[in-house]
Amino acid sequence: MATASVEIALEDALAQALVPEWGEGVRIEGLERLTGGASRETWAFDVLDRGGRRYPVVLRRDFAARAGGEVPWEEGIDRATELELQRALHTAGVPVPRPLFAPDPHLGLGSCFFMERVEGESRPRALARKEELADLRARMLPQLGTALARIHSLDPDSLPPLPTSPAKSQLEVCRRMLDLAPRPRPVLELALRWLAGREPELSRRAQLVHGDFRNGNFIAGPEGLEAVVDWEYAHLGDPLEDIGFLCMRAWRFGADDREVGGVGDREELYRAYADAGGEAVEPERVRFWEVAGNIKWGALCQLRALEHIEGRQRSVELAAIGRRVTETELDLLELLDAG
Amino acid sequence: MPADRPDALELIEAAAEHLATRSRPALSGHASFEALIAANLLMIAHRELELAQPARAAERERLQALLGRNGSLDELEDQLVARIRAGDLGPGDRRLMDHLRATVRDRLRVSNPGYM
């Protein structure tokens with residue numbers, strides 16, 4: 001693979017893109033593709049202006065290998081909307097990386113934008129399991145509840161236009177995703193059938209939902225939660241969707257006694273959420289979204305593996321993810337067993 | 001014909017061990033992570049060769065009993081899914097849930113025994 005030449009071409013395009021903001025003579029150092037994020041590319045680098053001042057920056061853009069080819073199950077907002085949303089969130093005091101700007105589209109960087117790089121621990125397994133991070137986890141848990149309450153309290157009219165995605169349409173997405181897999185999975189089918197007719201009624205208008213709020217999209221520093229990233233699945237819907245998704249076992253990375261993403265206790269999250277102005281958490285509604293999240297994740301595991309199997313993107317990671325669907329099935333059986 | 005030694009399982013194990021204990025430390029960053037994943041994939045294949053055949057036979061027997069008919073594993077599974085989607089079988093059916101739990105556990109024994 002011509003990774004080096006790809007990076008040189010990217011560096012050149014980036015240097016040009018940064019001129020309007022940082023002036024002539026701007027340089028880039030330490031360009032590195034961050035791992036994680038299978039549908040978008042995230043690149044980290046330092047910007048050095050002519051005076052030698054250094055700025056840590058991240059570029060977030062649509063996955064180059066997929067440019068032009070629509071992936072049938074990918075739904076989500078475009079980078080321009082994501083930038084605008086991140087601006088609104090930053091202004092509202094939600095912990096997100098400070099958004100910068102979108103480059104001139106003629107530079108060939110594709111659909112993308114720049115933001116400040118937030119330093120800290122973002123590796124989900126480390127956040128969930130590292131013993132040295134126990135204090136950090138304790139600080140982080142109530143901050144997750146507070147961040148969620150703030151996200152869910154934003155007036156949708158103050159945000160860029162976002163898709164509305166109530167429970168019913170999400171079940172339709174799950175159906176479509178399951179139908180793309182080569183073989184049906186009885187447990188995923190059972191869970192989807194169980195959800196039908198149980199869709200929560202919203203007592204108020206649909207609120208901003210992150211849509212992928214899990215350990216893996218958090219950056220933590222010594223003071224706890226520094227930033228929530230990856231807003232591509234943001235939509236208007238049921239706020240408890242974020243809570244159900246966050247509590248899935250898949251994001252605990254073996255720290256199963258800490259149900260909230262391996263970080264801490266569910267009751268404490270609910271309390272922090274309510275203390276910060278979030279609505280009272282109905283456990284049955286959380287369970288609905290936990291089941292839905294598991295179906296989505298299970299279906300996604302299969303579809304990602306198909307990328308590898310069918311040769312669109314060969315990778316051991318994608319091959320491995322195909323077998324994780326069984327973990328989701330075990331979790332679903334336990335969720336459905338609860339009566 | 002007796003199997004040549006090292007046999008298939010032993011070869012897989014040798015390659016996995018090499019990736020995990022030699023390649024991984026010699027590599028850095030993402031490539032090192034991928035070497036570990038590659039070793040894990042080989043060990044899944046290893047367990048599948050050891051365990052899958054009897055598990056599939058047992059799955060087929062359970063399905064035949066549950067559905068009251070014969071067929072290949074795929075046919076039976078299709079039938080099961082049709083009845084689940086029709087709402088004919090649901091989480092309240094103990095025999096269904098026992099079957100699904102046994103099937104999922106057998107598969108986890110292959111893909112990730114530590115998850116149970």
# chains A, B, ... in the order shown; residues from 1 in each chain; ligands from 1

call {"tool": "residues_around", "arguments": {"residues": "stretch 17-30 of chain B", "least_positions_apart": "5", "cutoff": "6 Å", "atoms": "only C-alpha atoms", "output": "PDB file with N, CA, C and O atoms, in the first residue's frame"}}
result
ATOM      1  N   ALA B  35      -1.364  -7.574  14.582  1.00  0.00           N
ATOM      2  CA  ALA B  35      -0.745  -8.888  14.753  1.00  0.00           C
ATOM      3  C   ALA B  35      -1.461  -9.662  15.858  1.00  0.00           C
ATOM      4  O   ALA B  35      -1.684 -10.873  15.755  1.00  0.00           O
ATOM      5  N   LEU B  36      -1.838  -8.955  16.908  1.00  0.00           N
ATOM      6  CA  LEU B  36      -2.566  -9.594  18.002  1.00  0.00           C
ATOM      7  C   LEU B  36      -3.933 -10.075  17.517  1.00  0.00           C
ATOM      8  O   LEU B  36      -4.372 -11.192  17.836  1.00  0.00           O
ATOM      9  N   ALA B  39      -3.527 -13.172  15.501  1.00  0.00           N
ATOM     10  CA  ALA B  39      -3.327 -14.344  16.360  1.00  0.00           C
ATOM     11  C   ALA B  39      -4.666 -14.810  16.937  1.00  0.00           C
ATOM     12  O   ALA B  39      -4.957 -16.015  16.984  1.00  0.00           O
TER      13      ALA B  39
END

call {"tool": "residues_around", "arguments": {"residues": "stretch 91-93 of chain A", "least_positions_apart": "5", "cutoff": "10 Å", "atoms": "only C-alpha atoms", "output": "JSON, numbers by chain"}}
result
{"A": [85, 86, 98, 147, 150, 151, 154, 158]}

call {"tool": "residues_around", "arguments": {"residues": "stretch 53-70 of chain B", "least_positions_apart": "4", "cutoff": "7 Å", "atoms": "only C-alpha atoms", "output": "number ranges by chain"}}
result
B: 76, 95, 99, 103, 106

call {"tool": "write_last_selection", "arguments": {"atoms": "N, CA and C atoms", "output": "PDB file, in the first residue's frame"}}
result
ATOM      1  N   LEU B  76     -33.728 -25.503   8.585  1.00  0.00           N
ATOM      2  CA  LEU B  76     -34.371 -25.435   9.906  1.00  0.00           C
ATOM      3  C   LEU B  76     -34.257 -24.028  10.483  1.00  0.00           C
ATOM      4  N   ARG B  95     -38.668 -23.413  25.429  1.00  0.00           N
ATOM      5  CA  ARG B  95     -37.861 -24.294  24.577  1.00  0.00           C
ATOM      6  C   ARG B  95     -37.069 -23.492  23.547  1.00  0.00           C
ATOM      7  N   HIS B  99     -32.997 -23.274  23.470  1.00  0.00           N
ATOM      8  CA  HIS B  99     -32.268 -23.577  22.229  1.00  0.00           C
ATOM      9  C   HIS B  99     -31.316 -22.436  21.850  1.00  0.00           C
ATOM     10  N   THR B 103     -27.248 -22.494  21.644  1.00  0.00           N
ATOM     11  CA  THR B 103     -26.573 -22.210  20.373  1.00  0.00           C
ATOM     12  C   THR B 103     -25.559 -21.083  20.535  1.00  0.00           C
ATOM     13  N   ASP B 106     -22.545 -22.236  22.528  1.00  0.00           N
ATOM     14  CA  ASP B 106     -21.635 -23.048  21.715  1.00  0.00           C
ATOM     15  C   ASP B 106     -20.799 -22.177  20.794  1.00  0.00           C
TER      16      ASP B 106
END

call {"tool": "closest_atom_pairs", "arguments": {"of": "chain B", "to": "chain A", "cutoff": "8 Å", "atoms": "only C-alpha atoms", "output": "Markdown table"}}
result
| residue | atom | partner | partner_atom | distance |
| --- | --- | --- | --- | --- |
| B:His30 | CA | A:Thr35 | CA | 7.7 |
| B:Glu34 | CA | A:Val316 | CA | 6.7 |
| B:Ile37 | CA | A:Val316 | CA | 6.6 |
| B:Ala38 | CA | A:Val316 | CA | 6.1 |
| B:Leu41 | CA | A:Ala320 | CA | 6.4 |
| B:Glu77 | CA | A:Pro186 | CA | 7.5 |
| B:Asp78 | CA | A:Pro184 | CA | 7.3 |
| B:Leu80 | CA | A:Pro186 | CA | 7.1 |
| B:Val81 | CA | A:Pro186 | CA | 5.4 |
| B:Ile84 | CA | A:Leu190 | CA | 5.9 |
| B:Arg85 | CA | A:Arg193 | CA | 6.3 |
| B:Gly87 | CA | A:Arg193 | CA | 7.2 |
| B:Gly90 | CA | A:Leu190 | CA | 6.7 |
| B:Pro91 | CA | A:Leu336 | CA | 6.5 |
| B:Met97 | CA | A:Leu333 | CA | 7.7 |
| B:Leu100 | CA | A:Val187 | CA | 7.0 |
| B:Arg101 | CA | A:Leu333 | CA | 7.2 |
| B:Val104 | CA | A:Leu330 | CA | 6.3 |
| B:Arg105 | CA | A:Leu330 | CA | 7.6 |
| B:Arg107 | CA | A:Thr326 | CA | 6.8 |
| B:Leu108 | CA | A:Thr326 | CA | 6.4 |
| B:Ser111 | CA | A:Arg323 | CA | 6.1 |
| B:Asn112 | CA | A:Glu327 | CA | 7.9 |
| B:Tyr115 | CA | A:Glu327 | CA | 7.0 |

call {"tool": "write_last_selection", "arguments": {"atoms": "N, CA and C atoms", "output": "mmCIF file, in the first residue's frame"}}
result
data_model
loop_
_atom_site.group_PDB
_atom_site.id
_atom_site.type_symbol
_atom_site.label_atom_id
_atom_site.label_comp_id
_atom_site.auth_asym_id
_atom_site.auth_seq_id
_atom_site.Cartn_x
_atom_site.Cartn_y
_atom_site.Cartn_z
ATOM 1 N N HIS B 30 -0.215 0.492 15.122
ATOM 2 C CA HIS B 30 -1.375 -0.247 14.666
ATOM 3 C C HIS B 30 -1.006 -1.641 14.149
ATOM 4 N N GLU B 34 -2.679 -5.182 15.072
ATOM 5 C CA GLU B 34 -3.229 -6.094 14.062
ATOM 6 C C GLU B 34 -2.624 -7.490 14.162
ATOM 7 N N ILE B 37 -4.608 -9.241 16.732
ATOM 8 C CA ILE B 37 -5.907 -9.646 16.193
ATOM 9 C C ILE B 37 -5.753 -10.871 15.297
ATOM 10 N N ALA B 38 -4.708 -10.864 14.471
ATOM 11 C CA ALA B 38 -4.478 -12.001 13.577
ATOM 12 C C ALA B 38 -4.269 -13.280 14.388
ATOM 13 N N LEU B 41 -7.599 -14.424 15.614
ATOM 14 C CA LEU B 41 -8.389 -15.045 14.546
ATOM 15 C C LEU B 41 -7.979 -16.500 14.353
ATOM 16 N N GLU B 77 -33.092 -23.412 10.290
ATOM 17 C CA GLU B 77 -32.893 -22.067 10.813
ATOM 18 C C GLU B 77 -33.815 -21.073 10.105
ATOM 19 N N ASP B 78 -33.962 -21.229 8.796
ATOM 20 C CA ASP B 78 -34.888 -20.365 8.044
ATOM 21 C C ASP B 78 -36.308 -20.506 8.601
ATOM 22 N N LEU B 80 -37.165 -21.493 11.590
ATOM 23 C CA LEU B 80 -37.207 -20.890 12.928
ATOM 24 C C LEU B 80 -37.381 -19.379 12.813
ATOM 25 N N VAL B 81 -36.612 -18.766 11.939
ATOM 26 C CA VAL B 81 -36.691 -17.314 11.772
ATOM 27 C C VAL B 81 -38.079 -16.910 11.264
ATOM 28 N N ILE B 84 -40.354 -16.970 14.188
ATOM 29 C CA ILE B 84 -40.077 -15.844 15.098
ATOM 30 C C ILE B 84 -40.656 -14.560 14.514
ATOM 31 N N ARG B 85 -40.422 -14.345 13.233
ATOM 32 C CA ARG B 85 -40.908 -13.104 12.598
ATOM 33 C C ARG B 85 -42.422 -13.057 12.561
ATOM 34 N N GLY B 87 -44.207 -14.062 14.893
ATOM 35 C CA GLY B 87 -44.660 -13.919 16.264
ATOM 36 C C GLY B 87 -45.179 -15.214 16.850
ATOM 37 N N GLY B 90 -41.750 -16.749 20.647
ATOM 38 C CA GLY B 90 -41.242 -15.509 21.235
ATOM 39 C C GLY B 90 -40.469 -15.767 22.511
ATOM 40 N N PRO B 91 -40.026 -14.692 23.168
ATOM 41 C CA PRO B 91 -39.203 -14.846 24.376
ATOM 42 C C PRO B 91 -39.917 -15.605 25.502
ATOM 43 N N MET B 97 -36.043 -20.355 23.975
ATOM 44 C CA MET B 97 -34.965 -19.635 24.649
ATOM 45 C C MET B 97 -33.834 -20.584 25.041
ATOM 46 N N LEU B 100 -31.835 -21.210 21.900
ATOM 47 C CA LEU B 100 -31.013 -20.067 21.483
ATOM 48 C C LEU B 100 -29.824 -19.884 22.416
ATOM 49 N N ARG B 101 -30.095 -20.064 23.712
ATOM 50 C CA ARG B 101 -28.989 -19.926 24.680
ATOM 51 C C ARG B 101 -27.908 -20.977 24.420
ATOM 52 N N VAL B 104 -26.012 -20.018 21.206
ATOM 53 C CA VAL B 104 -25.118 -18.867 21.398
ATOM 54 C C VAL B 104 -23.911 -19.261 22.251
ATOM 55 N N ARG B 105 -24.142 -20.063 23.271
ATOM 56 C CA ARG B 105 -23.025 -20.482 24.128
ATOM 57 C C ARG B 105 -22.020 -21.333 23.356
ATOM 58 N N ARG B 107 -21.413 -21.148 20.231
ATOM 59 C CA ARG B 107 -20.662 -20.285 19.305
ATOM 60 C C ARG B 107 -19.648 -19.414 20.045
ATOM 61 N N LEU B 108 -20.023 -18.991 21.252
ATOM 62 C CA LEU B 108 -19.076 -18.191 22.032
ATOM 63 C C LEU B 108 -17.886 -19.023 22.490
ATOM 64 N N SER B 111 -15.825 -18.374 19.471
ATOM 65 C CA SER B 111 -15.387 -17.015 19.096
ATOM 66 C C SER B 111 -14.769 -16.246 20.254
ATOM 67 N N ASN B 112 -15.275 -16.436 21.456
ATOM 68 C CA ASN B 112 -14.752 -15.661 22.589
ATOM 69 C C ASN B 112 -15.206 -16.279 23.912
ATOM 70 N N TYR B 115 -16.133 -14.382 27.101
ATOM 71 C CA TYR B 115 -17.275 -13.469 27.191
ATOM 72 C C TYR B 115 -18.414 -14.022 28.035
#

call {"tool": "select_by_dssp", "arguments": {"residues": "stretch 199-272 of chain A", "states": "strand (DSSP E or B)", "output": "NGL selection string"}}
result
:A and (207-209 or 218-221 or 224-228 or 235-237 or 260 or 264)

call {"tool": "write_last_selection", "arguments": {"atoms": "N, CA and C atoms", "output": "CSV table (one decimal), in the first residue's frame"}}
result
chain,number,residue,atom,x,y,z
A,207,GLN,N,-35.7,15.5,21.0
A,207,GLN,CA,-34.5,16.2,21.4
A,207,GLN,C,-33.3,15.8,20.7
A,208,LEU,N,-32.2,16.6,20.8
A,208,LEU,CA,-30.9,16.2,20.3
A,208,LEU,C,-30.4,15.0,20.9
A,209,VAL,N,-30.1,14.0,20.1
A,209,VAL,CA,-29.5,12.7,20.6
A,209,VAL,C,-28.1,12.6,19.9
A,218,PHE,N,-15.2,9.0,23.9
A,218,PHE,CA,-15.0,10.0,25.0
A,218,PHE,C,-13.4,10.2,25.0
A,219,ILE,N,-13.1,11.5,25.3
A,219,ILE,CA,-11.7,11.8,25.7
A,219,ILE,C,-11.6,12.2,27.1
A,220,ALA,N,-10.8,11.6,27.9
A,220,ALA,CA,-10.7,12.0,29.3
A,220,ALA,C,-9.3,12.5,29.7
A,221,GLY,N,-9.3,13.4,30.6
A,221,GLY,CA,-8.0,14.0,31.1
A,221,GLY,C,-8.0,13.8,32.6
A,224,GLY,N,-11.2,14.4,34.3
A,224,GLY,CA,-12.4,13.6,33.9
A,224,GLY,C,-12.7,13.8,32.4
A,225,LEU,N,-14.0,13.9,32.1
A,225,LEU,CA,-14.5,13.9,30.7
A,225,LEU,C,-14.0,15.3,30.1
A,226,GLU,N,-13.2,15.2,29.1
A,226,GLU,CA,-12.8,16.4,28.4
A,226,GLU,C,-13.6,16.7,27.1
A,227,ALA,N,-14.0,15.6,26.4
A,227,ALA,CA,-14.7,15.8,25.2
A,227,ALA,C,-15.5,14.6,24.8
A,228,VAL,N,-16.7,14.9,24.1
A,228,VAL,CA,-17.5,13.8,23.5
A,228,VAL,C,-17.3,14.1,22.0
A,235,HIS,N,-29.0,13.1,15.8
A,235,HIS,CA,-30.4,13.3,15.3
A,235,HIS,C,-31.3,13.8,16.3
A,236,LEU,N,-32.6,14.0,16.0
A,236,LEU,CA,-33.6,14.4,17.0
A,236,LEU,C,-34.4,13.1,17.3
A,237,GLY,N,-34.6,12.9,18.6
A,237,GLY,CA,-35.3,11.6,18.9
A,237,GLY,C,-35.5,11.5,20.4
A,260,VAL,N,-22.0,1.2,33.1
A,260,VAL,CA,-22.0,2.4,32.2
A,260,VAL,C,-20.6,2.4,31.5
A,264,GLY,N,-18.7,3.2,35.4
A,264,GLY,CA,-19.4,3.2,36.7
A,264,GLY,C,-20.8,2.7,36.7

call {"tool": "closest_residue", "arguments": {"among": "A:Leu306, A:Pro182, A:Arg117, A:Asp256", "to": "B:Asp74", "atoms": "only C-alpha atoms"}}
result
A:Pro182

call {"tool": "atom_distance", "arguments": {"atom1": "atom CA of A:Glu24", "atom2": "atom CA of A:Trp43"}}
result
21.8 Å

call {"tool": "residues_around", "arguments": {"residues": "A:Pro103", "least_positions_apart": "3", "cutoff": "10 Å", "atoms": "only C-alpha atoms", "output": "PyMOL selection string"}}
result
chain A and resi 13-14+16-21+100+106-114

call {"tool": "residues_around", "arguments": {"residues": "stretch 48-54 of chain A", "least_positions_apart": "6", "cutoff": "8 Å", "atoms": "only C-alpha atoms", "output": "list in words"}}
result
Trp22, Gly23, Glu24, Gly25, Val26, Arg27, Ile28 and Glu29 of chain A

call {"tool": "write_last_selection", "arguments": {"atoms": "all heavy atoms", "output": "compact mmCIF listing (two decimals), in the first residue's frame"}}
result
# COMPACT_ATOMS: atom_id res chain seq x y z
N TRP A 22 -3.99 30.41 9.00
CA TRP A 22 -2.73 30.59 9.72
C TRP A 22 -1.68 31.40 8.93
O TRP A 22 -0.58 31.60 9.41
CB TRP A 22 -2.16 29.23 10.13
CG TRP A 22 -2.70 28.74 11.44
CD1 TRP A 22 -2.34 29.17 12.68
CD2 TRP A 22 -3.70 27.74 11.65
NE1 TRP A 22 -3.06 28.51 13.65
CE2 TRP A 22 -3.90 27.62 13.06
CE3 TRP A 22 -4.46 26.93 10.81
CZ2 TRP A 22 -4.81 26.73 13.62
CZ3 TRP A 22 -5.36 26.06 11.38
CH2 TRP A 22 -5.54 25.96 12.76
N GLY A 23 -2.00 31.76 7.70
CA GLY A 23 -1.09 32.60 6.92
C GLY A 23 -0.06 31.80 6.14
O GLY A 23 0.14 30.61 6.37
N GLU A 24 0.61 32.49 5.20
CA GLU A 24 1.65 31.86 4.39
C GLU A 24 2.76 31.32 5.29
O GLU A 24 3.01 31.86 6.36
CB GLU A 24 2.25 32.90 3.42
CG GLU A 24 1.32 33.37 2.32
CD GLU A 24 0.95 32.27 1.32
OE1 GLU A 24 1.70 31.28 1.22
OE2 GLU A 24 -0.09 32.41 0.64
N GLY A 25 3.40 30.26 4.82
CA GLY A 25 4.52 29.70 5.58
C GLY A 25 4.08 28.72 6.66
O GLY A 25 4.93 28.23 7.41
N VAL A 26 2.79 28.43 6.71
CA VAL A 26 2.31 27.49 7.72
C VAL A 26 2.83 26.09 7.39
O VAL A 26 2.94 25.71 6.22
CB VAL A 26 0.76 27.53 7.79
CG1 VAL A 26 0.14 27.10 6.48
CG2 VAL A 26 0.24 26.68 8.93
N ARG A 27 3.20 25.33 8.42
CA ARG A 27 3.73 23.98 8.22
C ARG A 27 2.95 22.98 9.05
O ARG A 27 2.28 23.33 10.03
CB ARG A 27 5.21 23.93 8.63
CG ARG A 27 6.16 24.57 7.61
CD ARG A 27 7.60 24.25 7.95
NE ARG A 27 7.96 24.71 9.29
CZ ARG A 27 8.41 23.91 10.26
NH1 ARG A 27 8.58 22.63 10.05
NH2 ARG A 27 8.72 24.42 11.45
N ILE A 28 3.11 21.70 8.68
CA ILE A 28 2.42 20.62 9.39
C ILE A 28 3.46 19.65 9.91
O ILE A 28 4.43 19.34 9.22
CB ILE A 28 1.46 19.90 8.44
CG1 ILE A 28 0.24 20.76 8.22
CG2 ILE A 28 1.02 18.56 9.00
CD1 ILE A 28 -0.54 20.33 7.05
N GLU A 29 3.25 19.16 11.12
CA GLU A 29 4.17 18.16 11.67
C GLU A 29 3.39 17.02 12.30
O GLU A 29 2.31 17.23 12.86
CB GLU A 29 5.02 18.82 12.77
CG GLU A 29 6.41 19.21 12.28
CD GLU A 29 7.25 19.75 13.43
OE1 GLU A 29 7.03 19.36 14.60
OE2 GLU A 29 8.12 20.58 13.14

call {"tool": "atom_distance", "arguments": {"atom1": "atom CA of A:Met140", "atom2": "atom CA of A:Val263"}}
result
7.5 Å

call {"tool": "closest_residue", "arguments": {"among": "A:Leu59, A:Val173, A:Ala80, A:Ala44", "to": "A:Glu119", "atoms": "only C-alpha atoms"}}
result
A:Ala44

call {"tool": "atom_distance", "arguments": {"atom1": "atom CA of A:Leu195", "atom2": "atom CA of A:Trp289"}}
result
9.1 Å
